[in-house]
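As stored in target_1.cif (mmCIF, C-alpha atoms):
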```cif
data_entry
#
loop_
_atom_site.label_atom_id
_atom_site.label_comp_id
_atom_site.auth_asym_id
_atom_site.auth_seq_id
_atom_site.Cartn_x
_atom_site.Cartn_y
_atom_site.Cartn_z
CA MET A 1 23.27 -28.32 -20.96
CA LYS A 2 20.37 -30.60 -20.14
CA ILE A 3 17.18 -29.43 -21.84
CA ILE A 4 13.71 -30.14 -20.45
CA GLU A 5 10.76 -29.21 -22.66
CA ASN A 6 7.14 -28.91 -21.62
CA LYS A 7 5.00 -29.41 -24.70
CA THR A 8 1.79 -28.30 -23.00
CA ILE A 9 2.95 -24.70 -22.60
CA LYS A 10 5.67 -24.88 -25.29
CA GLU A 11 8.46 -23.79 -22.93
CA GLU A 12 12.01 -25.06 -22.47
CA ALA A 13 14.38 -24.94 -19.50
CA TYR A 14 18.15 -25.48 -19.71
CA PHE A 15 19.95 -26.98 -16.71
CA GLU A 16 23.67 -26.90 -15.99
CA GLU A 17 25.78 -27.59 -12.90
CA LEU A 18 29.18 -25.88 -12.78
CA GLU A 19 32.31 -27.51 -11.39
CA ASN A 20 31.90 -25.47 -8.20
CA GLY A 21 28.42 -26.98 -7.68
CA LEU A 22 26.28 -23.98 -8.70
CA LYS A 23 23.04 -25.11 -10.32
CA ILE A 24 21.96 -22.86 -13.21
CA ILE A 25 18.52 -22.84 -14.82
CA ILE A 26 17.99 -20.79 -17.97
CA ILE A 27 14.48 -20.32 -19.34
CA PRO A 28 14.52 -18.55 -22.73
CA LYS A 29 11.45 -16.35 -23.21
CA LYS A 30 11.22 -15.07 -26.76
CA ASN A 31 9.55 -11.76 -27.60
CA THR A 32 9.55 -10.47 -24.05
CA ASN A 33 11.11 -7.21 -22.91
CA LYS A 34 11.80 -7.98 -19.26
CA LYS A 35 14.63 -10.15 -18.00
CA MET A 36 14.91 -11.66 -14.53
CA ALA A 37 17.88 -13.15 -12.70
CA ILE A 38 17.65 -14.62 -9.20
CA ILE A 39 20.14 -16.47 -7.01
CA GLY A 40 18.86 -18.50 -4.06
CA THR A 41 20.72 -20.25 -1.27
CA LYS A 42 19.24 -22.96 0.92
CA PHE A 43 19.82 -20.99 4.10
CA GLY A 44 16.90 -19.65 6.09
CA SER A 45 15.90 -18.92 9.65
CA ILE A 46 15.51 -22.64 10.47
CA ASP A 47 19.19 -23.35 9.76
CA ASN A 48 20.64 -22.32 13.11
CA HIS A 49 22.45 -25.58 14.01
CA PHE A 50 24.77 -27.42 11.61
CA ILE A 51 28.06 -29.19 10.99
CA ASN A 52 30.67 -27.10 9.18
CA PRO A 53 31.39 -29.18 6.02
CA THR A 54 35.03 -28.03 5.92
CA THR A 55 36.08 -28.40 9.56
CA GLY A 56 33.53 -30.91 10.84
CA GLU A 57 32.78 -28.55 13.75
CA GLU A 58 29.26 -28.47 15.21
CA ILE A 59 27.97 -24.90 15.20
CA LYS A 60 24.96 -23.27 16.86
CA ILE A 61 24.27 -19.72 15.72
CA PRO A 62 21.99 -16.97 17.11
CA ASP A 63 18.48 -16.62 15.71
CA GLY A 64 18.21 -14.19 12.82
CA VAL A 65 21.61 -14.73 11.18
CA ALA A 66 20.23 -15.61 7.72
CA HIS A 67 18.22 -12.37 7.66
CA PHE A 68 21.13 -10.34 9.08
CA LEU A 69 23.49 -11.74 6.47
CA GLU A 70 21.05 -10.80 3.69
CA HIS A 71 21.09 -7.19 4.92
CA LYS A 72 24.90 -7.07 4.81
CA MET A 73 25.40 -8.54 1.35
CA PHE A 74 24.94 -5.27 -0.54
CA GLU A 75 27.72 -3.32 1.21
CA GLN A 76 31.01 -3.45 -0.69
CA ALA A 77 34.65 -2.94 0.35
CA ASP A 78 35.01 0.13 -1.87
CA GLY A 79 32.29 1.93 0.07
CA THR A 80 29.55 1.43 -2.52
CA ASN A 81 26.19 -0.26 -1.99
CA SER A 82 25.19 -2.73 -4.69
CA LEU A 83 21.50 -1.98 -4.28
CA ASP A 84 22.24 1.68 -5.08
CA THR A 85 24.38 0.60 -8.03
CA LEU A 86 21.58 -1.54 -9.43
CA THR A 87 18.99 1.18 -8.90
CA ALA A 88 21.20 3.64 -10.76
CA LEU A 89 21.20 1.22 -13.70
CA GLY A 90 17.41 1.47 -13.81
CA VAL A 91 16.75 -2.09 -12.65
CA GLU A 92 14.37 -3.28 -9.96
CA ALA A 93 16.46 -5.18 -7.42
CA ASN A 94 15.90 -6.61 -3.96
CA ALA A 95 16.44 -9.60 -1.67
CA TYR A 96 14.42 -11.59 0.85
CA THR A 97 14.86 -14.19 3.59
CA THR A 98 12.35 -16.93 4.40
CA ASN A 99 12.29 -19.81 6.84
CA ASP A 100 14.21 -22.08 4.48
CA HIS A 101 16.02 -19.95 1.87
CA THR A 102 17.44 -16.53 0.98
CA ALA A 103 17.33 -14.98 -2.50
CA TYR A 104 18.78 -12.01 -4.39
CA TYR A 105 17.30 -10.82 -7.67
CA PHE A 106 16.79 -8.11 -10.21
CA GLU A 107 14.33 -7.50 -13.03
CA THR A 108 15.02 -5.18 -15.96
CA ILE A 109 14.42 -4.24 -19.56
CA ASP A 110 17.75 -2.48 -20.16
CA ASN A 111 21.29 -2.78 -18.78
CA PHE A 112 21.00 -6.52 -18.17
CA GLU A 113 24.74 -7.27 -18.51
CA PRO A 114 26.04 -4.70 -15.97
CA ALA A 115 23.22 -5.59 -13.58
CA PHE A 116 23.94 -9.31 -13.89
CA LYS A 117 27.63 -8.68 -13.31
CA GLU A 118 26.83 -6.65 -10.19
CA LEU A 119 24.55 -9.43 -8.89
CA LEU A 120 27.30 -12.02 -9.32
CA ASN A 121 29.84 -9.70 -7.76
CA TYR A 122 28.07 -8.82 -4.51
CA VAL A 123 26.55 -12.25 -3.89
CA PHE A 124 29.92 -13.97 -4.17
CA HIS A 125 32.11 -11.26 -2.57
CA PRO A 126 30.93 -10.44 0.98
CA TYR A 127 32.37 -7.63 3.05
CA TYR A 128 31.86 -7.60 6.82
CA THR A 129 33.67 -5.50 9.40
CA ASP A 130 33.18 -5.02 13.13
CA GLU A 131 31.93 -1.50 12.42
CA ASN A 132 29.39 -2.25 9.71
CA VAL A 133 28.02 -5.25 11.63
CA GLU A 134 27.47 -3.16 14.76
CA LYS A 135 25.81 -0.42 12.71
CA GLU A 136 23.43 -2.94 11.14
CA LYS A 137 22.28 -4.22 14.53
CA GLY A 138 20.51 -0.94 15.21
CA ILE A 139 18.79 -1.02 11.81
CA ILE A 140 17.59 -4.60 12.19
CA ALA A 141 16.54 -4.05 15.82
CA GLN A 142 14.28 -1.27 14.57
CA GLU A 143 12.90 -3.62 11.91
CA ILE A 144 12.22 -6.29 14.54
CA ARG A 145 10.29 -3.80 16.70
CA MET A 146 8.32 -2.81 13.63
CA TYR A 147 7.39 -6.46 13.02
CA ASP A 148 6.38 -6.78 16.68
CA ASP A 149 3.90 -3.95 16.13
CA ASP A 150 2.62 -5.33 12.82
CA PRO A 151 -0.63 -7.32 13.27
CA ILE A 152 -0.13 -9.43 10.13
CA SER A 153 3.42 -10.47 11.10
CA LYS A 154 2.32 -11.18 14.64
CA ILE A 155 -0.71 -13.29 13.75
CA PHE A 156 1.30 -15.56 11.43
CA LEU A 157 4.12 -15.98 13.94
CA ASN A 158 1.59 -16.81 16.67
CA ALA A 159 0.02 -19.40 14.36
CA LEU A 160 3.38 -21.07 13.81
CA GLN A 161 4.05 -21.07 17.54
CA CYS A 162 0.67 -22.74 18.11
CA MET A 163 1.37 -25.48 15.59
CA TYR A 164 5.01 -26.29 16.39
CA ASN A 165 6.61 -27.38 19.64
CA THR A 166 10.36 -27.21 18.96
CA CYS A 167 10.76 -26.79 15.19
CA PRO A 168 12.76 -23.57 14.48
CA VAL A 169 10.05 -22.42 12.05
CA ARG A 170 8.35 -21.02 15.17
CA ILE A 171 11.20 -18.49 15.51
CA ASP A 172 10.84 -15.10 13.84
CA VAL A 173 12.90 -14.91 10.63
CA ALA A 174 14.58 -11.70 11.86
CA GLY A 175 15.35 -13.16 15.29
CA THR A 176 15.05 -11.01 18.40
CA VAL A 177 16.84 -7.86 19.53
CA GLU A 178 18.71 -10.03 22.06
CA SER A 179 19.74 -12.70 19.54
CA ILE A 180 21.06 -10.31 16.87
CA ASN A 181 23.27 -8.60 19.48
CA LYS A 182 25.22 -11.90 19.64
CA ILE A 183 26.06 -11.71 15.92
CA ASN A 184 29.54 -10.60 14.85
CA LYS A 185 31.53 -10.64 11.60
CA ASP A 186 33.04 -14.07 12.41
CA VAL A 187 29.55 -15.59 12.70
CA LEU A 188 28.56 -14.01 9.38
CA TYR A 189 31.69 -15.18 7.55
CA ASN A 190 31.33 -18.68 8.99
CA CYS A 191 27.71 -18.91 7.79
CA TYR A 192 28.50 -17.28 4.45
CA ASN A 193 31.34 -19.71 3.72
CA THR A 194 29.09 -22.63 4.63
CA PHE A 195 25.74 -21.73 3.09
CA TYR A 196 26.74 -19.34 0.30
CA HIS A 197 29.03 -21.83 -1.34
CA PRO A 198 27.83 -22.37 -4.95
CA SER A 199 27.16 -26.04 -4.10
CA ASN A 200 24.27 -24.89 -1.91
CA MET A 201 22.85 -22.39 -4.42
CA VAL A 202 20.56 -22.22 -7.45
CA MET A 203 20.50 -19.50 -10.10
CA ALA A 204 17.56 -18.99 -12.46
CA VAL A 205 17.55 -16.60 -15.41
CA CYS A 206 14.61 -15.88 -17.69
CA GLY A 207 14.37 -13.58 -20.71
CA ASP A 208 14.91 -13.19 -24.42
CA PHE A 209 18.46 -14.46 -24.85
CA GLU A 210 20.39 -17.56 -25.83
CA PRO A 211 21.18 -20.02 -22.98
CA GLU A 212 24.80 -20.36 -24.13
CA TYR A 213 25.29 -16.62 -23.71
CA ILE A 214 24.09 -16.69 -20.08
CA LEU A 215 26.21 -19.73 -19.22
CA LYS A 216 29.32 -18.16 -20.76
CA PHE A 217 28.68 -14.89 -18.92
CA VAL A 218 28.37 -16.66 -15.56
CA LYS A 219 31.57 -18.67 -16.07
CA GLU A 220 33.50 -15.54 -17.06
CA ASN A 221 32.34 -13.62 -13.99
CA MET A 222 32.78 -16.29 -11.31
CA GLU A 223 35.97 -17.39 -9.61
CA SER A 224 36.79 -21.07 -9.80
CA MET A 225 36.51 -23.12 -6.64
CA SER A 226 36.06 -26.75 -5.73
CA LYS A 227 32.73 -28.32 -4.86
CA GLN A 228 31.72 -28.42 -1.20
CA ASP A 229 30.47 -31.45 0.73
CA GLU A 230 26.80 -31.54 1.69
CA ILE A 231 25.89 -29.46 4.74
CA GLN A 232 24.66 -31.47 7.73
CA ARG A 233 21.82 -29.54 9.34
CA ILE A 234 20.75 -30.40 12.88
CA TYR A 235 17.08 -29.96 13.80
CA PRO A 236 15.23 -30.80 17.02
CA GLU A 237 12.74 -33.63 16.85
CA GLU A 238 9.23 -32.24 16.38
CA LYS A 239 6.16 -33.87 17.93
CA LYS A 240 3.24 -34.78 15.69
CA GLU A 241 0.84 -32.98 18.02
CA ILE A 242 0.26 -29.23 17.94
CA TYR A 243 1.69 -27.07 20.74
CA GLN A 244 -1.58 -25.26 21.58
CA SER A 245 -4.93 -24.92 19.85
CA TYR A 246 -5.64 -21.22 20.39
CA LYS A 247 -3.80 -17.94 20.88
CA GLU A 248 -5.06 -14.38 20.88
CA GLU A 249 -3.38 -11.03 21.19
CA LYS A 250 -4.73 -7.49 21.38
CA MET A 251 -3.25 -4.83 19.11
CA GLU A 252 -4.12 -1.51 17.50
CA VAL A 253 -6.49 -2.83 14.82
CA SER A 254 -9.98 -1.77 13.81
CA ILE A 255 -11.33 -5.27 13.14
CA PRO A 256 -10.21 -8.70 14.36
CA SER A 257 -8.10 -10.86 12.06
CA PHE A 258 -7.44 -14.58 12.25
CA VAL A 259 -5.28 -17.42 10.94
CA ILE A 260 -6.57 -20.97 10.86
CA GLY A 261 -3.58 -23.29 10.79
CA ILE A 262 -3.44 -27.01 10.08
CA LYS A 263 -0.25 -28.84 10.99
CA ASP A 264 0.86 -31.46 8.49
CA GLU A 265 3.44 -34.22 8.45
CA VAL A 266 6.56 -33.84 6.31
CA GLU A 267 6.49 -36.19 3.33
CA GLU A 268 9.14 -36.36 0.65
CA GLU A 269 7.24 -38.43 -1.92
CA ASN A 270 5.02 -36.80 -4.52
CA ILE A 271 5.00 -33.37 -2.88
CA VAL A 272 3.87 -31.78 -6.17
CA LYS A 273 0.67 -33.80 -6.28
CA LYS A 274 0.05 -33.14 -2.60
CA GLU A 275 0.48 -29.37 -3.01
CA ILE A 276 -1.90 -29.28 -5.98
CA LEU A 277 -4.57 -31.29 -4.15
CA ILE A 278 -4.39 -29.19 -0.99
CA ASN A 279 -4.67 -25.94 -2.94
CA ILE A 280 -7.71 -27.26 -4.81
CA ILE A 281 -9.34 -28.37 -1.55
CA LEU A 282 -8.67 -25.03 0.14
CA ASN A 283 -10.26 -23.16 -2.75
CA CYS A 284 -13.23 -25.54 -2.87
CA ILE A 285 -13.88 -24.77 0.81
CA PHE A 286 -13.05 -21.10 1.09
CA ASP A 287 -12.56 -19.17 -2.16
CA GLU A 288 -14.97 -16.39 -3.21
CA ASN A 289 -17.19 -18.84 -5.12
CA SER A 290 -17.55 -21.37 -2.30
CA SER A 291 -20.82 -21.78 -0.44
CA LEU A 292 -19.07 -21.26 2.91
CA PHE A 293 -17.57 -17.91 1.90
CA LYS A 294 -20.86 -16.69 0.43
CA GLU A 295 -22.76 -17.58 3.61
CA LEU A 296 -20.21 -15.93 5.89
CA TYR A 297 -20.02 -12.85 3.68
CA GLU A 298 -23.80 -12.41 3.52
CA GLU A 299 -23.99 -12.72 7.30
CA GLY A 300 -21.27 -10.09 7.72
CA LEU A 301 -18.96 -12.58 9.42
CA ILE A 302 -16.18 -12.17 6.87
CA ILE A 303 -15.34 -9.12 4.78
CA ASN A 304 -12.79 -10.35 2.25
CA GLU A 305 -11.74 -13.53 0.49
CA PRO A 306 -9.24 -15.41 2.68
CA ASP A 307 -5.59 -15.87 1.73
CA LEU A 308 -5.04 -19.61 1.32
CA GLU A 309 -1.54 -21.04 1.66
CA TYR A 310 0.19 -24.39 1.82
CA GLU A 311 3.86 -24.20 2.85
CA TYR A 312 6.45 -26.94 3.27
CA SER A 313 10.15 -27.61 3.64
CA ASP A 314 12.39 -30.46 4.75
CA ILE A 315 11.23 -30.14 8.37
CA TYR A 316 7.79 -28.49 8.40
CA SER A 317 4.53 -28.60 6.50
CA HIS A 318 1.33 -26.68 7.19
CA ILE A 319 -1.79 -24.98 5.84
CA MET A 320 -2.74 -21.40 6.71
CA ILE A 321 -5.98 -19.50 6.09
CA TYR A 322 -5.92 -15.76 6.80
CA SER A 323 -8.72 -13.20 6.81
CA ASN A 324 -10.63 -10.61 8.90
CA SER A 325 -13.86 -11.16 10.80
CA LYS A 326 -15.87 -9.58 13.59
CA ASP A 327 -16.16 -13.09 15.08
CA PRO A 328 -13.13 -15.30 14.24
CA LYS A 329 -14.26 -18.11 16.54
CA GLU A 330 -17.58 -18.43 14.70
CA VAL A 331 -15.79 -18.51 11.33
CA TYR A 332 -13.45 -21.19 12.68
CA LYS A 333 -16.41 -23.22 13.93
CA ARG A 334 -18.18 -22.99 10.58
CA PHE A 335 -14.97 -23.91 8.74
CA LYS A 336 -14.60 -27.10 10.78
CA GLU A 337 -18.26 -27.94 10.20
CA GLU A 338 -17.80 -27.48 6.45
CA VAL A 339 -14.74 -29.75 6.44
CA GLU A 340 -16.66 -32.50 8.24
CA LYS A 341 -19.63 -32.11 5.90
CA LEU A 342 -17.38 -32.48 2.85
CA LYS A 343 -15.67 -35.49 4.38
CA GLU A 344 -19.05 -37.15 4.87
CA ASN A 345 -20.78 -36.13 1.64
CA GLY A 346 -17.78 -35.66 -0.63
CA ILE A 347 -16.66 -32.63 -2.63
CA ASP A 348 -19.12 -31.66 -5.34
CA GLU A 349 -17.75 -32.77 -8.71
CA LYS A 350 -18.68 -29.54 -10.50
CA THR A 351 -17.06 -27.46 -7.76
CA PHE A 352 -13.94 -29.61 -7.91
CA THR A 353 -13.65 -29.32 -11.70
CA ARG A 354 -14.27 -25.56 -11.70
CA THR A 355 -11.70 -24.99 -8.96
CA LYS A 356 -9.12 -27.28 -10.54
CA ASN A 357 -9.45 -25.43 -13.87
CA LYS A 358 -9.26 -22.02 -12.18
CA ILE A 359 -6.00 -22.78 -10.36
CA TYR A 360 -4.54 -24.44 -13.46
CA GLY A 361 -5.34 -21.27 -15.39
CA ARG A 362 -3.38 -19.21 -12.85
CA LEU A 363 -0.42 -21.56 -13.21
CA ILE A 364 -0.42 -21.31 -17.00
CA THR A 365 -0.77 -17.51 -16.84
CA SER A 366 2.31 -17.29 -14.60
CA TYR A 367 4.40 -18.38 -17.60
CA ASN A 368 3.59 -15.10 -19.36
CA SER A 369 6.09 -13.15 -17.27
CA SER A 370 9.82 -13.61 -16.68
CA ALA A 371 9.77 -12.78 -12.96
CA PRO A 372 7.45 -15.56 -11.67
CA ILE A 373 9.08 -18.07 -14.02
CA ALA A 374 12.59 -17.43 -12.69
CA ARG A 375 11.45 -17.15 -9.07
CA ASN A 376 9.43 -20.38 -9.19
CA PHE A 377 12.17 -22.39 -10.92
CA MET A 378 14.73 -21.24 -8.35
CA ARG A 379 12.52 -21.97 -5.34
CA ASP A 380 11.29 -25.31 -6.67
CA TYR A 381 14.79 -26.51 -7.58
CA LEU A 382 16.00 -25.77 -4.06
CA ASN A 383 13.29 -28.28 -3.05
CA ASN A 384 14.44 -30.79 -5.71
CA ILE A 385 11.44 -30.03 -7.91
CA ILE A 386 11.36 -28.98 -11.57
CA SER A 387 8.59 -26.41 -12.01
CA PHE A 388 7.24 -28.14 -15.12
CA ASP A 389 6.28 -31.05 -12.83
CA TYR A 390 3.23 -29.08 -11.67
CA ILE A 391 1.88 -28.86 -15.21
CA ASP A 392 2.60 -32.52 -15.95
CA GLU A 393 0.94 -33.63 -12.71
CA TRP A 394 -2.25 -31.62 -13.23
CA SER A 395 -3.91 -34.03 -15.66
CA LYS A 396 -3.50 -36.86 -13.12
CA ILE A 397 -5.39 -35.06 -10.36
CA ASN A 398 -8.87 -36.45 -9.71
CA LEU A 399 -11.76 -36.05 -7.30
CA LYS A 400 -11.07 -39.36 -5.54
CA ASP A 401 -7.54 -38.21 -4.63
CA ALA A 402 -8.88 -34.88 -3.37
CA SER A 403 -11.47 -36.58 -1.16
CA GLN A 404 -8.81 -38.81 0.36
CA MET A 405 -6.44 -35.88 0.92
CA LEU A 406 -9.23 -34.00 2.68
CA LYS A 407 -9.75 -36.90 5.08
CA ASP A 408 -6.02 -37.45 5.66
CA LYS A 409 -4.87 -33.85 6.17
CA PHE A 410 -7.79 -31.73 7.40
CA ILE A 411 -7.86 -33.17 10.91
CA GLU A 412 -9.38 -31.17 13.75
CA ASP A 413 -6.77 -32.26 16.29
CA LYS A 414 -4.11 -30.67 14.04
CA MET A 415 -5.98 -27.36 13.68
CA ILE A 416 -5.22 -24.12 15.53
CA LEU A 417 -6.68 -20.62 15.64
CA SER A 418 -4.56 -17.47 15.97
CA VAL A 419 -6.46 -14.23 16.54
CA ILE A 420 -5.61 -10.52 16.75
CA LEU A 421 -8.29 -8.49 18.53
CA PRO A 422 -8.69 -4.71 18.80
CA LYS A 423 -7.41 -3.23 22.06
CA LYS A 424 -10.66 -1.33 22.51
#
```
Please express the file's structure as structure tokens.
Amino acid sequence: MKIIENKTIKEEAYFEELENGLKIIIIPKKNTNKKMAIIGTKFGSIDNHFINPTTGEEIKIPDGVAHFLEHKMFEQADGTNSLDTLTALGVEANAYTTNDHTAYYFETIDNFEPAFKELLNYVFHPYYTDENVEKEKGIIAQEIRMYDDDPISKIFLNALQCMYNTCPVRIDVAGTVESINKINKDVLYNCYNTFYHPSNMVMAVCGDFEPEYILKFVKENMESMSKQDEIQRIYPEEKKEIYQSYKEEKMEVSIPSFVIGIKDEVEEENIVKKEILINIILNCIFDENSSLFKELYEEGLIINEPDLEYEYSDIYSHIMIYSNSKDPKEVYKRFKEEVEKLKENGIDEKTFTRTKNKIYGRLITSYNSSAPIARNFMRDYLNNIISFDYIDEWSKINLKDASQMLKDKFIEDKMILSVILPKK
């Protein structure tokens, strides 16, 4: 196994690629009780058009297949449900689907071996029938309607639809009631065989054990298969411009909420440095210690510290700022004024240093627990990043780079405002 050591935090990660293409990352964590295992596949809601790597056939699938497939992975041919099996073992287990990947995981103190074996079993042995697929449609349709009535889900989806013209990130992860009705077992098996091949997957395991033990366990509990060719994904060409600058919707809420979105261009080079800089800038502008937040809070224009997020993939990249306010448009106006003021006068050096150290502290603290370590290594490796890169890059970050990033990425023409207002 390839070993990568980070001397700053005194942690090691072991990397191995099996003959079938599965990438395995093992992070030993001595003197910890909890163990975490997670398997991720690079298959999300955006992957609805692709070339089958085995047949060469071009395939277009209904929206929501990645999420639908995640729902069906737990059901087994013997009538059992793997989620119930894992729960009975006393482990915390779940799965999730995002725009660009799907993951299955469990976290436990005891019964690691049987839980790990169950994880490997259900992820690599799907079971779909006409009956269980039809039954699931009703369950997911109910979930979709629930999301439609959820203000937080709606405001983020509206923000994406404001920023993007044709990129499939503007489609709800769960799809629509109409789109999931087009899904059948053949669609699921076709997508499973394409995207759930080990060549397209990353496994991360963290806990107090020897790496050789984990690697041996995986090999003993996986069937041998040949490596698969790279999947050719087909995406529509996205314009640089935003789709629309403002969208509002009225729902059953007591106070308005808003998302400020900033559309970014996809860049493959030095994404780690870019992500660090953008997160520092966002916190300099809008965390609880910033002058803008304090002013808005004292004036009663904002009631809680905003959620600040930078998200990216192979085909999209954007910033989102979420919070509640009695006057979202005024907050948006003041945010844009603050951005322009910082562009002109520069970010205060003390503020920059304080914010940089605060976020770095959060990163270091995340290495105290098995769950965030395994989750981050899996997600980052799907994006061709080794999580230690964030720690190594931190010392290179400076105020000059942040000032330039602010000018390059915080552009008013790329900004949107999504608002949810009370019905009454």
### Message
To one decimal place in Å, what is the distance between CA of Ala159 (chain A) and CA of Ser418 (chain A)?
### Response
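Value for the CA of Ala159 (chain A)-CA of Ser418 (chain A) distance: 5.2 Å.
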#### Entry: Neighbour residues at most 12 Å from (-18.2, -21.3, -5.8) (all atoms listed in the file) as a PyMOL selection string
chain A and resi 282-295+305+347-356+358
### Contact residues around region 373-386 of chain A with only C-alpha atoms at 9 Å, ignoring same-chain residues under 3 positions, as number ranges by chain
A: 23-27, 36-42, 101, 103, 105, 200-206, 271-272, 313-314, 366-370, 389-390
### Message
Report, in Å to a single decimal, how far apart CA of Glu57 (chain A) and CA of Thr194 (chain A) are.
### Response
11.5 Å
Could you tell me which residues the PyMOL selection byres ((chain A and resi 319) around 10) returns for this structure, as a CSV table (one decimal) with C-alpha atoms, in the frame of the given file?
```csv
chain,number,residue,atom,x,y,z
A,259,VAL,CA,-5.3,-17.4,10.9
A,260,ILE,CA,-6.6,-21.0,10.9
A,261,GLY,CA,-3.6,-23.3,10.8
A,262,ILE,CA,-3.4,-27.0,10.1
A,263,LYS,CA,-0.2,-28.8,11.0
A,264,ASP,CA,0.9,-31.5,8.5
A,278,ILE,CA,-4.4,-29.2,-1.0
A,279,ASN,CA,-4.7,-25.9,-2.9
A,282,LEU,CA,-8.7,-25.0,0.1
A,308,LEU,CA,-5.0,-19.6,1.3
A,309,GLU,CA,-1.5,-21.0,1.7
A,310,TYR,CA,0.2,-24.4,1.8
A,311,GLU,CA,3.9,-24.2,2.8
A,312,TYR,CA,6.4,-26.9,3.3
A,317,SER,CA,4.5,-28.6,6.5
A,318,HIS,CA,1.3,-26.7,7.2
A,320,MET,CA,-2.7,-21.4,6.7
A,321,ILE,CA,-6.0,-19.5,6.1
A,409,LYS,CA,-4.9,-33.8,6.2
A,410,PHE,CA,-7.8,-31.7,7.4
A,415,MET,CA,-6.0,-27.4,13.7
```
